[in-house]
Structures are given as structure tokens and as C-alpha cells.
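Engineer: Please find one structure pasted underneath; my questions will follow.
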Amino acid sequence: MQKTTISEGLSVSQHPTVGPQHNLKESDKPNERIEIRVESSASRLRARVQFATVCGSMYLIGWNDGTTGPLLPRIQKVYDLNFAVVSLIFVFACIGFLSGVFANLYLDGRFGFGKVRRSIIQVIAYTIQAGAFPFPAFVLGYVINGFGMGLQDAQSNGYVGSLKDNPEVKMAILHAVSAGALSSPLVATQFAQLPHWSFHYLCSLGVAFVNTVMLIAVFRLKTQDECLAQIGQQAGEKGTSEKSPFSQIIRLREVHFLAFFLLVLVGVEVIMGGWMVTYIIDVRGGGPSSGYISSGFWGGLMTGRIVLLWVNKKVGERRVLFIYSILAIGLELVVWLVPSLIGGGVAIFIVGVILGPMYPIAMNHAVRILPEWLVTGSAGWMAGFGQAGSALFPFLTGAIASKTGIKNLQPLLISMMAFMTILWALVPRTARKAG
């Protein structure tokens, strides 16, 4: 009798005692496992590509935030403006931000996550700003740019907030990547010393154009649920209320406490990354290269969001934020009271490290305490509303500086840090009970 060996992957129909029906049951199992592994690998790759593209949007936002500080003294000189008037760029940017946030609640539901081409708006804005047109037109560029950034920030945070796979780490990475604010001052500081200073905005235009291409290529015309389904994540729990998501979000006090916390936090960040350069030049006698201190602050912000992840987990995110706030206030006192250019620069970097984890912690807490079906909209609302702080508080800083001088920047920052600590204490610890 002929001896036959049956091994995995060999068609058993060659064996005289095994029928075709046995082949269908046994040999298909390895194929099924291979198909599952292939689908899983494809989903993971697609998830990484989607996440990297969203991070690109945050990089653009960070790049924009870090641009204004080093260019601010040059803008004042070119247009011959005092502190109050030059601060109008922040006012109109704030109008753009808030308009973008409100528009997102409608546009995302009406057209879908993938159809809202938010970075195209920023391409238009940078085109206007690069021309160094008269100041009213230059400020119009900030309005348009703010609108695009409001959409970008709201949708990026809403998307990552809805992820189920390791959302805490991804939220930290998302906001660490916003360290476009680390790289843009390096470029803006150089352009601020050149005759064609406004050509810096051509660099910004290039970043925005690449981001637009990536968003179109990756998300196409799909809704957020369709994009999440591509990476193997099912749609989350749906609410039963007949009220619109916007109406439900507006009625949640948790959302408003967190939104105002982020408003003040982002205001502190942008003041330190922006007006701090003017403070160092005017009060501490720094030279044209003082813009690099802004890069140091934003670099600290990025570093803290990654390096302090283990501290957040060990101490507890809610508790550790109080500790960070106290340390930041102490270091800001050093910047204020110790007349040392080098010492102040080091302290500013460390403040950046300490402030870094605060934004991701707030977003992670929102995911834990808010209804699942409102997380995306709420995260978008909080992020966009918070981003308005990058315009509102720098304007107030300029208005105060025009009356009392930039030397009063430090007491203002310390007061804002204390206020945001109080706001954090008002945020509920746990989710509201149903009913």
C-alpha cells in the first residue's frame, strides 16, 4: 500500500480515504486565519495613516501659533503700530476661531468629516498675509486663518477623542505634534530680520497645502463613522434624545468648565510663546535672537506631553494637574523676579514642559465623564473654544501693555494660571449618573 503523509497546507483529496468534504472543513481554516491577519494588518496600517494625517493638521495649528511671536516686533515696526492696535490681529483671529467652532457643529453634521476642507481656508489666508498688504487686509488674513484653524482643531480633537485604541497616549501625541510651534519660530525669527519678512507666510502656505492634499487623499468624502469603520472600529453608542447634539452639548456644565479651562490654558501658552519675546527684548535687554526663547517654550511643551506621561499615570491625571499648576506659578515668579536673561530662558522652557500635559489631560478627562455619543462634538467644541484663547488673551495682553507697559506681563500670567487651577477644581471628577 502506498504511504501518504498529510501535512498542513496539502490538499487532502489526494489521500484515498479522505473525501472532498473533509478538505472543505479543514483546509479552509488556515486560509480564514490568513484573511483575518491580512485584514487586521491593513486596518492597523490605515489607522496609523489616518492618525498621522490628523497629527499633520495639529502641526499646522502649532506652526501658526508659533509664528506670531517672533514676527510681532517687526509687524509693529513696519505698520508703525502701538501695542493696542497690533493686538487687533489677535481679536480678529479670535472672531475667526469662534466662527469656525460654531460652523463645525453644522458643517460636520451636514457634509461629513471628510468633506470639510478646512486647511484650504488657511491656504487662502496665508496667500493674503504673504503679500504684506495694508494692515486692514493683513488682519483679514487672520480672520480667515482663524476660521480654518477653528475647524481643524475641532475636528482633529473630536476624531482622536472618539478612538478606542489607547486614546490617552494618542491624545498626548496629537498635541505633542502641535509642536509645529517649536519649528515655526526658528523660521520666523530669520524672516523677521529680512526685508521681505512677510515671505515667512509662503512657508506657512506650503505646510497648509501639503496638509490639504493629505486630508483629501486619506479621508476623501467620508463621514467620521465611515472613516472609523475603515480601521475596524464600530460606531459608538447613540443617544436617544430628540434634541440636537448641539443642544445637548450646550446643556452640559462639564463641557463649559473644561472649555473655559482650555480657553485660559491656551491663552497662557500663546502669551508665553508670543508676547514673552517682546518682554525679553524690552525688559531683559535681549537681542534679535530672543525669538529662539519662543522655540524653547514650545519645545518644552512638546517634551512635557510625552516625557511626563508616566508621571500622569503614576500620580493620577486629575491630581497631577494641580501639582503642575503650582510648579508653573513658582517658575513664573522666577522669570518675573530674577533679572537674568539665561535664567529666565531656562525657566520659560521648564514652564513649557510643565504646561505640556495639561491639554491632553483635560481632553482625556472629557472622554471619561461625557456621554459617549457626545464625545466627538464636545471635544470639538472644547478644542475650538479653547483655541480662541490664543487670540483673546494675547489681545488683552497687548491692550494692558499699551497702558502700563509690557513689564506687567508676568503678574498677568500668574493670575491666569491661578484662575485656570480654580476652573480645574470645578470640573466634576466622575461622569454624571443617568437619570
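Every chain in the C-alpha cells has a letter given in the order shown (A, B, ...), and although residue numbers restart at 1 in each chain, ligands are simply numbered from 1 in the order shown.
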Can you build me a table of stretch 209-306 of chain A residues sitting at most 8 Å from stretch 423-430 of chain A, with the closest atom pair per residue and its distance in Å to one decimal, using only C-alpha atoms, sorted by chain and residue number, as JSON lines?
Structural biologist:
{"residue": "A:Glu254", "atom": "CA", "partner": "A:Val427", "partner_atom": "CA", "distance": 6.1}
{"residue": "A:Phe257", "atom": "CA", "partner": "A:Val427", "partner_atom": "CA", "distance": 5.8}
{"residue": "A:Leu258", "atom": "CA", "partner": "A:Val427", "partner_atom": "CA", "distance": 6.6}
{"residue": "A:Phe260", "atom": "CA", "partner": "A:Leu423", "partner_atom": "CA", "distance": 7.4}
{"residue": "A:Phe261", "atom": "CA", "partner": "A:Leu423", "partner_atom": "CA", "distance": 5.7}
Engineer: Pull the alpha helix (DSSP H) assignments for stretch 102-323 of chain A out of DSSP run on the backbone, and list those residues as a tab-separated table (two decimals) with C-alpha atoms, in the first residue's frame.
Structural biologist:
chain	number	residue	atom	x	y	z
A	102	PHE	CA	-19.83	77.15	15.51
A	103	ALA	CA	-19.60	76.34	11.81
A	104	ASN	CA	-18.08	72.94	12.58
A	105	LEU	CA	-21.17	71.85	14.53
A	106	TYR	CA	-23.22	72.43	11.37
A	107	LEU	CA	-20.75	71.53	8.63
A	108	ASP	CA	-19.61	68.25	10.16
A	109	GLY	CA	-23.18	67.02	10.56
A	110	ARG	CA	-24.30	68.33	7.17
A	111	PHE	CA	-21.38	67.34	4.94
A	118	ARG	CA	-10.63	73.19	6.42
A	119	SER	CA	-6.93	73.62	5.50
A	120	ILE	CA	-7.85	75.11	2.08
A	121	ILE	CA	-9.14	78.10	4.03
A	122	GLN	CA	-5.71	78.54	5.60
A	123	VAL	CA	-4.04	78.39	2.19
A	124	ILE	CA	-6.17	81.40	1.20
A	125	ALA	CA	-5.27	83.24	4.42
A	126	TYR	CA	-1.53	82.73	4.06
A	127	THR	CA	-1.68	83.93	0.46
A	128	ILE	CA	-3.12	87.25	1.68
A	129	GLN	CA	-0.62	87.59	4.53
A	130	ALA	CA	2.40	86.83	2.35
A	135	PHE	CA	-2.82	96.46	7.78
A	136	PRO	CA	-6.63	96.04	7.37
A	137	ALA	CA	-6.07	93.42	4.64
A	138	PHE	CA	-3.32	91.78	6.70
A	139	VAL	CA	-5.73	91.47	9.63
A	140	LEU	CA	-8.38	89.98	7.32
A	141	GLY	CA	-5.94	87.15	6.73
A	142	TYR	CA	-6.04	86.42	10.47
A	143	VAL	CA	-9.85	86.21	10.41
A	144	ILE	CA	-9.82	83.70	7.55
A	145	ASN	CA	-6.96	81.75	9.11
A	146	GLY	CA	-8.74	81.66	12.47
A	147	PHE	CA	-11.85	80.21	10.84
A	148	GLY	CA	-9.81	77.43	9.25
A	149	MET	CA	-7.96	76.71	12.49
A	150	GLY	CA	-11.25	76.52	14.40
A	151	LEU	CA	-12.41	73.78	12.02
A	152	GLN	CA	-9.05	71.99	12.12
A	153	ASP	CA	-8.79	71.98	15.91
A	154	ALA	CA	-12.39	70.94	16.49
A	155	GLN	CA	-12.35	68.05	14.03
A	156	SER	CA	-8.89	66.74	14.94
A	157	ASN	CA	-9.65	66.58	18.66
A	158	GLY	CA	-13.11	65.17	18.03
A	159	TYR	CA	-11.69	62.40	15.85
A	160	VAL	CA	-8.94	61.32	18.29
A	161	GLY	CA	-11.33	61.65	21.24
A	167	PRO	CA	-6.74	57.14	23.34
A	168	GLU	CA	-4.73	58.72	26.21
A	169	VAL	CA	-1.39	58.19	24.51
A	170	LYS	CA	-2.74	59.23	21.11
A	171	MET	CA	-4.20	62.42	22.55
A	172	ALA	CA	-0.80	63.23	24.08
A	173	ILE	CA	0.97	62.53	20.78
A	174	LEU	CA	-1.59	64.60	18.87
A	175	HIS	CA	-0.85	67.65	20.98
A	176	ALA	CA	2.87	66.98	21.10
A	180	GLY	CA	4.91	72.96	14.77
A	181	ALA	CA	5.07	75.87	17.22
A	182	LEU	CA	8.61	74.67	18.01
A	183	SER	CA	9.80	74.81	14.41
A	184	SER	CA	7.98	77.90	13.12
A	185	PRO	CA	9.74	80.42	15.46
A	186	LEU	CA	13.07	79.16	14.13
A	187	VAL	CA	11.94	80.15	10.63
A	188	ALA	CA	10.00	83.28	11.65
A	189	THR	CA	12.95	84.67	13.64
A	190	GLN	CA	15.08	84.59	10.48
A	191	PHE	CA	12.41	86.20	8.30
A	200	HIS	CA	7.51	83.62	6.01
A	201	TYR	CA	3.84	83.13	5.24
A	202	LEU	CA	4.82	81.40	1.99
A	203	CYS	CA	6.40	78.70	4.17
A	204	SER	CA	3.13	78.52	6.11
A	205	LEU	CA	1.25	78.27	2.83
A	206	GLY	CA	3.40	75.29	1.82
A	207	VAL	CA	2.66	73.48	5.09
A	208	ALA	CA	-1.07	74.16	4.67
A	209	PHE	CA	-1.05	72.93	1.06
A	210	VAL	CA	0.61	69.62	1.99
A	211	ASN	CA	-1.91	69.18	4.80
A	212	THR	CA	-4.79	69.80	2.38
A	213	VAL	CA	-3.52	67.16	-0.05
A	214	MET	CA	-3.12	64.60	2.77
A	215	LEU	CA	-6.63	65.22	4.13
A	216	ILE	CA	-8.19	64.77	0.70
A	217	ALA	CA	-6.16	61.63	-0.07
A	218	VAL	CA	-6.79	59.89	3.26
A	219	PHE	CA	-10.31	60.85	4.35
A	224	GLN	CA	-16.21	60.18	10.72
A	225	ASP	CA	-18.11	56.93	11.37
A	226	GLU	CA	-17.16	55.69	7.89
A	227	CYS	CA	-13.51	56.59	8.49
A	228	LEU	CA	-13.54	54.76	11.82
A	229	ALA	CA	-15.19	51.72	10.20
A	230	GLN	CA	-12.22	51.54	7.82
A	245	PRO	CA	-26.32	67.20	19.61
A	246	PHE	CA	-25.58	70.93	19.84
A	247	SER	CA	-28.48	71.46	22.27
A	248	GLN	CA	-27.34	68.53	24.41
A	249	ILE	CA	-23.73	69.73	24.49
A	250	ILE	CA	-24.69	73.28	25.47
A	253	ARG	CA	-21.86	72.14	32.60
A	254	GLU	CA	-18.90	69.75	32.44
A	255	VAL	CA	-18.29	70.86	28.87
A	256	HIS	CA	-18.32	74.54	29.81
A	257	PHE	CA	-15.93	74.18	32.76
A	258	LEU	CA	-13.50	72.25	30.57
A	259	ALA	CA	-13.93	74.69	27.66
A	260	PHE	CA	-13.12	77.70	29.85
A	261	PHE	CA	-10.19	75.84	31.39
A	262	LEU	CA	-8.79	75.25	27.91
A	263	LEU	CA	-9.54	78.85	26.93
A	264	VAL	CA	-7.31	80.15	29.74
A	265	LEU	CA	-4.67	77.43	29.28
A	266	VAL	CA	-4.24	78.08	25.56
A	267	GLY	CA	-4.16	81.81	26.31
A	268	VAL	CA	-1.28	81.27	28.74
A	269	GLU	CA	0.58	79.14	26.20
A	270	VAL	CA	0.29	81.63	23.35
A	271	ILE	CA	1.12	84.64	25.53
A	272	MET	CA	4.27	82.87	26.68
A	273	GLY	CA	5.17	81.83	23.16
A	275	TRP	CA	4.47	88.30	23.97
A	276	MET	CA	7.28	86.76	26.02
A	277	VAL	CA	9.65	87.56	23.14
A	278	THR	CA	8.73	91.26	23.38
A	279	TYR	CA	9.12	91.10	27.19
A	280	ILE	CA	12.62	89.61	26.90
A	281	ILE	CA	13.67	92.26	24.37
A	282	ASP	CA	12.18	95.31	26.15
A	291	GLY	CA	12.74	84.70	19.25
A	292	TYR	CA	14.54	81.44	19.95
A	293	ILE	CA	13.21	81.59	23.52
A	294	SER	CA	9.79	81.10	21.97
A	295	SER	CA	11.07	77.92	20.32
A	296	GLY	CA	12.41	76.79	23.68
A	297	PHE	CA	8.99	77.23	25.28
A	298	TRP	CA	7.16	75.34	22.53
A	299	GLY	CA	9.84	72.65	22.61
A	300	GLY	CA	9.26	72.27	26.34
A	301	LEU	CA	5.53	71.99	25.71
A	302	MET	CA	6.10	69.15	23.24
A	303	THR	CA	8.59	67.40	25.54
A	304	GLY	CA	6.29	67.52	28.55
A	305	ARG	CA	3.40	65.92	26.69
A	306	ILE	CA	5.47	62.81	26.01
A	307	VAL	CA	8.05	62.62	28.82
A	309	LEU	CA	3.07	60.52	30.52
A	310	TRP	CA	4.34	58.09	33.16
A	311	VAL	CA	4.05	60.77	35.87
A	312	ASN	CA	0.44	61.44	34.89
A	313	LYS	CA	-0.35	57.73	35.14
A	314	LYS	CA	1.50	57.25	38.43
A	315	VAL	CA	0.04	60.22	40.29
A	317	GLU	CA	-4.27	62.84	35.85
A	318	ARG	CA	-6.64	64.95	37.90
A	319	ARG	CA	-4.32	65.26	40.91
A	320	VAL	CA	-1.13	65.82	38.92
A	321	LEU	CA	-2.60	68.81	37.10
A	322	PHE	CA	-2.86	70.70	40.41
A	323	ILE	CA	0.81	69.93	41.08
Engineer: Nearest residue to A:Gln387 out of A:Met58, A:Ala347, A:Ile369, A:Val78, using only C-alpha atoms?
Structural biologist: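 Among the listed residues, the smallest separation from A:Gln387 belongs to A:Met58.
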Engineer: Tell me which protein, DNA and RNA residues are within 9 Å of A:Tyr79, counting only C-alpha atoms, leaving out same-chain ones fewer than 4 positions away, and put them as a ChimeraX atom specification.
Structural biologist: /A:74-75,86,134-135
Engineer: Can you spit out the residues from that selection as a PDB file, in the first residue's frame, using N, CA and C atoms?
Structural biologist:
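Output (part-v7.pdb):
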ATOM      1  N   ARG A  74       8.428  93.057  14.409  1.00  0.00           N
ATOM      2  CA  ARG A  74       8.610  93.530  13.038  1.00  0.00           C
ATOM      3  C   ARG A  74       7.297  94.083  12.473  1.00  0.00           C
ATOM      4  N   ILE A  75       6.184  93.425  12.788  1.00  0.00           N
ATOM      5  CA  ILE A  75       4.874  93.908  12.335  1.00  0.00           C
ATOM      6  C   ILE A  75       4.608  95.300  12.915  1.00  0.00           C
ATOM      7  N   VAL A  86      -1.715  96.725  17.305  1.00  0.00           N
ATOM      8  CA  VAL A  86      -1.170  95.492  16.748  1.00  0.00           C
ATOM      9  C   VAL A  86      -1.875  94.267  17.331  1.00  0.00           C
ATOM     10  N   PRO A 134      -1.727  96.398   3.071  1.00  0.00           N
ATOM     11  CA  PRO A 134      -2.035  97.312   4.177  1.00  0.00           C
ATOM     12  C   PRO A 134      -2.653  96.585   5.360  1.00  0.00           C
ATOM     13  N   PHE A 135      -2.489  97.166   6.542  1.00  0.00           N
ATOM     14  CA  PHE A 135      -2.820  96.464   7.782  1.00  0.00           C
ATOM     15  C   PHE A 135      -4.243  95.910   7.817  1.00  0.00           C
TER      16      PHE A 135
END
Engineer: Measuring atom to atom with only C-alpha atoms, identify which of A:Lys403, A:Arg220, A:Arg48, A:Lys164 is nearest to A:Asn82.
Structural biologist: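 For A:Asn82, the nearest of the given residues is A:Lys403.
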Engineer: Report as JSON, numbers by chain all protein, DNA and RNA residues lying within 9 Å of A:Arg284, evaluated on only C-alpha atoms, omitting residues in the same chain fewer than 6 positions from it.
Structural biologist: {"A": [339, 340, 341]}
Engineer: Report, in Å to a single decimal, how far apart atom CA of A:Thr421 and atom CA of A:Leu252 are.
Structural biologist: 20.1 Å
Engineer: Compile the contact shell of A:Ala328 as a list in words: residues with an atom at most 7 Å away, counting only C-alpha atoms, same-chain residues fewer than 4 positions apart removed.
Structural biologist: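 With the cut-off at 7 Å, the set is Tyr324, Glu332, Val351 and Ile354 of chain A.
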Engineer: Give me a file of those residues, with all heavy atoms, as a PDB file, in the first residue's frame.
Structural biologist:
ATOM      1  N   TYR A 324       1.202  70.417  38.736  1.00  0.00           N
ATOM      2  CA  TYR A 324       1.823  71.144  37.624  1.00  0.00           C
ATOM      3  C   TYR A 324       1.514  72.643  37.706  1.00  0.00           C
ATOM      4  O   TYR A 324       2.383  73.483  37.432  1.00  0.00           O
ATOM      5  CB  TYR A 324       1.313  70.600  36.284  1.00  0.00           C
ATOM      6  CG  TYR A 324       1.796  69.208  35.937  1.00  0.00           C
ATOM      7  CD1 TYR A 324       1.033  68.365  35.120  1.00  0.00           C
ATOM      8  CD2 TYR A 324       3.015  68.722  36.403  1.00  0.00           C
ATOM      9  CE1 TYR A 324       1.470  67.091  34.780  1.00  0.00           C
ATOM     10  CE2 TYR A 324       3.453  67.445  36.075  1.00  0.00           C
ATOM     11  CZ  TYR A 324       2.675  66.637  35.266  1.00  0.00           C
ATOM     12  OH  TYR A 324       3.108  65.385  34.929  1.00  0.00           O
ATOM     13  N   GLU A 332       7.160  80.881  37.126  1.00  0.00           N
ATOM     14  CA  GLU A 332       6.847  82.179  36.529  1.00  0.00           C
ATOM     15  C   GLU A 332       7.277  83.319  37.456  1.00  0.00           C
ATOM     16  O   GLU A 332       7.675  84.402  36.996  1.00  0.00           O
ATOM     17  CB  GLU A 332       5.349  82.260  36.230  1.00  0.00           C
ATOM     18  CG  GLU A 332       4.979  83.263  35.154  1.00  0.00           C
ATOM     19  CD  GLU A 332       5.708  83.013  33.844  1.00  0.00           C
ATOM     20  OE1 GLU A 332       5.840  81.847  33.432  1.00  0.00           O
ATOM     21  OE2 GLU A 332       6.161  84.010  33.236  1.00  0.00           O
ATOM     22  N   VAL A 351       8.680  75.792  32.292  1.00  0.00           N
ATOM     23  CA  VAL A 351       7.241  76.071  32.355  1.00  0.00           C
ATOM     24  C   VAL A 351       6.535  75.392  31.183  1.00  0.00           C
ATOM     25  O   VAL A 351       5.449  74.815  31.329  1.00  0.00           O
ATOM     26  CB  VAL A 351       6.969  77.594  32.343  1.00  0.00           C
ATOM     27  CG1 VAL A 351       5.482  77.871  32.160  1.00  0.00           C
ATOM     28  CG2 VAL A 351       7.442  78.228  33.639  1.00  0.00           C
ATOM     29  N   ILE A 354       6.052  71.737  31.934  1.00  0.00           N
ATOM     30  CA  ILE A 354       5.018  71.507  32.943  1.00  0.00           C
ATOM     31  C   ILE A 354       3.616  71.756  32.384  1.00  0.00           C
ATOM     32  O   ILE A 354       2.669  71.020  32.692  1.00  0.00           O
ATOM     33  CB  ILE A 354       5.278  72.402  34.173  1.00  0.00           C
ATOM     34  CG1 ILE A 354       6.558  71.942  34.889  1.00  0.00           C
ATOM     35  CG2 ILE A 354       4.098  72.370  35.137  1.00  0.00           C
ATOM     36  CD1 ILE A 354       7.019  72.892  35.964  1.00  0.00           C
TER      37      ILE A 354
END
Engineer: Rank nothing, just name the residue among A:Val283, A:Leu337, A:Leu308, A:Ala47 nearest to A:Gly232, using only C-alpha atoms.
Structural biologist: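 Going through A:Val283, A:Leu337, A:Leu308, A:Ala47 one by one, the smallest distance to A:Gly232 is for A:Ala47.
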Engineer: Can you work out the spacing between atom CA of A:Phe97 and atom CA of A:Leu194 in Å, to one decimal?
Structural biologist: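 Computing it gives 29.8 Å between the two atoms.
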Engineer: Calculate how many Å separate atom CA of A:Trp197 from atom CA of A:Ser290, rounding to one decimal.
Structural biologist: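 These two atoms are separated by 16.5 Å.
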